[in-house]
Amino acid sequence: MAETRFVYADNAATTKISDAVFDAMVPWLKEGYGNPSSIYRKGDEAARAVLKAREQVAAALGAEPREIYFTSGGSEADNWAIKGVAHTFAKKGKKHIITSVFEHHAVLHTCDALRKEGFEITYLPVDDMGLVSVEDVKNAIREDTALVSVMYANNEIGTVQPISEIGALCHERKVLFHTDAVQAVGNLPIDVKAQQIDLLSLSAHKIHGPKGVGALYCRRGILLPNLIDGGGQEGGHRAGTENVAGIVGLGVAITKAMETLPERAARLRALRDRLIDGLLPIERCRLNGDREKRLPGNVNISFEGVEGESLLLTLDAHGICASSGSACTSGSLDPSHVLLAIGLPAEVAHGSLRLSLSDDTSEEDVDYMLSVIPGVIEKLRAMSPLWERIISEK
Amino acid sequence: MAETRFVYADNAATTKISDAVFDAMVPWLKEGYGNPSSIYRKGDEAARAVLKAREQVAAALGAEPREIYFTSGGSEADNWAIKGVAHTFAKKGKKHIITSVFEHHAVLHTCDALRKEGFEITYLPVDDMGLVSVEDVKNAIREDTALVSVMYANNEIGTVQPISEIGALCHERKVLFHTDAVQAVGNLPIDVKAQQIDLLSLSAHKIHGPKGVGALYCRRGILLPNLIDGGGQEGGHRAGTENVAGIVGLGVAITKAMETLPERAARLRALRDRLIDGLLPIERCRLNGDREKRLPGNVNISFEGVEGESLLLTLDAHGICASSGSACTSGSLDPSHVLLAIGLPAEVAHGSLRLSLSDDTSEEDVDYMLSVIPGVIEKLRAMSPLWERIISEK
Amino acid sequence: MLYSDKVMDHFTNPRNVGELADANGIGEVGNAKCGDIMKMYIKVDKGVITDVKFKTFGCGAAIATSSMATEMIKGKTIEDALKLTNKAVVEALEGLPPVKIHCSVLAEQAVRAAVADYYKRLGIDPGPIVGEIGDCHACSHDE
Ligand SMILES: Cc1ncc(COP(=O)(O)O)c(C=O)c1O
Ligand SMILES: Cc1ncc(COP(=O)(O)O)c(C=O)c1O
Ligand code: FES
Ligand code: FES
């Protein structure tokens, strides 16, 4: 086995801020401290920086700058979009929302909260490849449906949903369409107009931007009630002194990501495929999620007889940062709702490993992971009574 | 007149990040990019940094770490506290909230939103010194009162409210008490237990910390519904990947501010008083807000016959950043609700100037402001028909 | 997750891992659905546990508590081994995060299950000696 190397393969959890983003942020953490709402020059400079970032985010999505609202991250954007639409349409008697069973918790728990308030939620199933069916969306839409919210790409298994088709369907049926694109932005081409997306959530820290800043795209003409009331920031729609440095960082991060998307995605896909092909020969393992309709940097494999947390801790000892769908890592009792949704038995879901790559991942990193992981699986299986049972049963 | 100097005297709007805070943040913007929820060491390090900051904020307030919830700023904390308490108590039939007429918009507009939902809001008046009366609070409390929310110190005129007395009263009457302490934290001693405060909002960027991060103190035992649902961050009460660098910055900023509070406040008070005493001799001007019960760094003076925006722009040309209660600076039509609340006629409110000092303000800065402002007032009055009228009437 | 150094030590270098060919007591507890199965092998000679090995499918805490439990009962009499509590294991590991306490319960139960099996093989009803092994209290999953 190779010498220990540090390999960060958890880019779907968060990414390292790129040098370009950091350098762009520093002036706003130092001398550019003016409040964008202030009328003197120091305030105006900050306001211009925020405006520029708004233009950058808009350009990356094919939106208009005034359709972009900065938030504290993806979770706030999801909450705002879904609760906002729900409460607006409830007044018109429309209290039905459609989403999928395998959304991020920022969407699922928001829908749960609305359910407790009296809204009705349809949770669409996903097939064993991790895809939502447009037909299912179609059948679920009712007279009183206020919103369809389906994620652009899943954060655990990386599957990319038929967003354009759902957009067209919702448009035709005159139902608003929100997509949580936190994992998709920067990794897949997006055009909110062509794809007929009404609301879209994104987060900076998944694309080499800072943590604690994100945005909601809200199509012109849709009036959402505020989630955070107060000052006149964001056109009076989202109060709070702007996180200028963070917003500037988001602007630079999204611009860099979208500018070079085809090359970057191609490189990531090649790394991803080499990793998948190198791991799949391991006995009794399976790739989770569709192989083609998949984020360029996502690998998610279940190894039978292995428990995720101990796998992660062992990999950490080898310098590899990764994540898992095991309940044990989260302190909850049930393993990942995403893996259960695609039909994995709980005991197999426990043994899943997500390796998520980014621009920071090198060929050598992939080599290293391929040299380490099989041995780690073998070692853990050697001490696993579950593996013993699986082997003896076969 | 002295040579132009740059003087930032708008520290109540926002402050410059201190070197100590910036230096503490940088590692978390660079190599410390792990997600605090991840179990490998890189995640754990981030989790420990967040925990340390939580302990720092708790220590500064006399609270326990688990009573501190990080937010994206003061506005979010205000919204969460007030909407959360309102919606919880509404279920028990308590739909009355008491606040004051001169709260920050993050509180006022939140109350307005609740009013539209069917809550009843009592807006307590303030006297001409800018103080809320405990007697008024007492008389306003009813059987169905869910919450009293009175700011610790006003952001425009700097008046410090009788928080301990209101705390004791609310405690006795078994009504929850929230205070927006965004302007108070770091400038006044605070002890949430001794003062019987149930909920308190604060923001980092007012105390030489970063923009886009704040905290809500929520006394143990009070269960607020989430404003932002999703992942398990903040004990499951506030979702979203933590803004680690920002949170670390808040921890350092509040620690520095509280550690040296008596010396810092004494120095600020001396600067403030020199500024007030130097400006008050100007003809037809008045200090707004109680002179004693006042934030150490707040000066707010109205100059008759002068309009705020032109005053600010002229001062900006002289290198001085300040703010005003003029409607013109905010694009709205009415001048500051705070200045109207203390009984200023609209035309006087328009001519108000807020100079807010901080640790970055030097004696020379005060000298410079005293050398510049009288001349600027004179110049603007010379071209003001309103001044002409005032003079002729006297 | 904030595991103690001791937990990490026992996780990284688990003591007494493996199977025991000449074991005369084997106990298995846990549930794969919850992500935890512990199997304990003991060799009892004249009332003393002379050797012990374990295999565990589970989290870091599950592996570390198994390892620690084997160390704590090795060389002890059966009576002493039955006195081992999950609390003692947690203390020896310098603490566990609250959500991981159930993993230590599993270690205590695995020891008792192995002793029960030892008595059963001798034709002795383990019930009165070992007592109820009980289920994991953390969940309601049934096998
Ligand atoms: C009294 C008061 N409350 C709330 C806020 C809002 O804080 P933030 O800008 O961090 O949302 C401010 C400042 O803007 C303030 O002065
Ligand atoms: C799909 C998805 N949605 C929402 C979020 C939440 O974003 P944030 O952490 O910025 O609140 C994440 C990541 O955490 C995500 O992967
Ligand atoms: S084995 Fe699942 S939490 Fe310990
Ligand atoms: S058997 Fe331990 S949590 Fe279910």
# chains A, B, ... in the order shown; residues from 1 in each chain; ligands from 1
>>> residues_around(residues="A:Glu388", least_positions_apart="5", cutoff="10 Å", atoms="only C-alpha atoms", output="list in words")
Gly305, Arg381, Ala382, Met383 and Glu393 of chain A; Lys55 of chain C
>>> select_by_dssp(residues="chain C", states="alpha helix (DSSP H)", output="PyMOL selection string")
chain C and resi 5-12+60-73+78-82+86-92+101-121+127-130
>>> closest_residue(among="A:Ala181, A:Ile98, A:Ala168, A:Val26", to="ligand 2", atoms="only C-alpha atoms and all ligand atoms")
A:Ala181
>>> closest_residue(among="A:Ile207, A:Leu114, A:Val299, A:Leu275", to="A:Met369", atoms="only C-alpha atoms")
A:Leu275
>>> interface_residues(of="chain A", to="chain B", cutoff="7 Å", atoms="only C-alpha atoms", output="ChimeraX atom specification")
/A:13-17,29-30,33-35,39-40,72-76,79,105-107,109-110,211-212,228-231,239-243,313,316,321
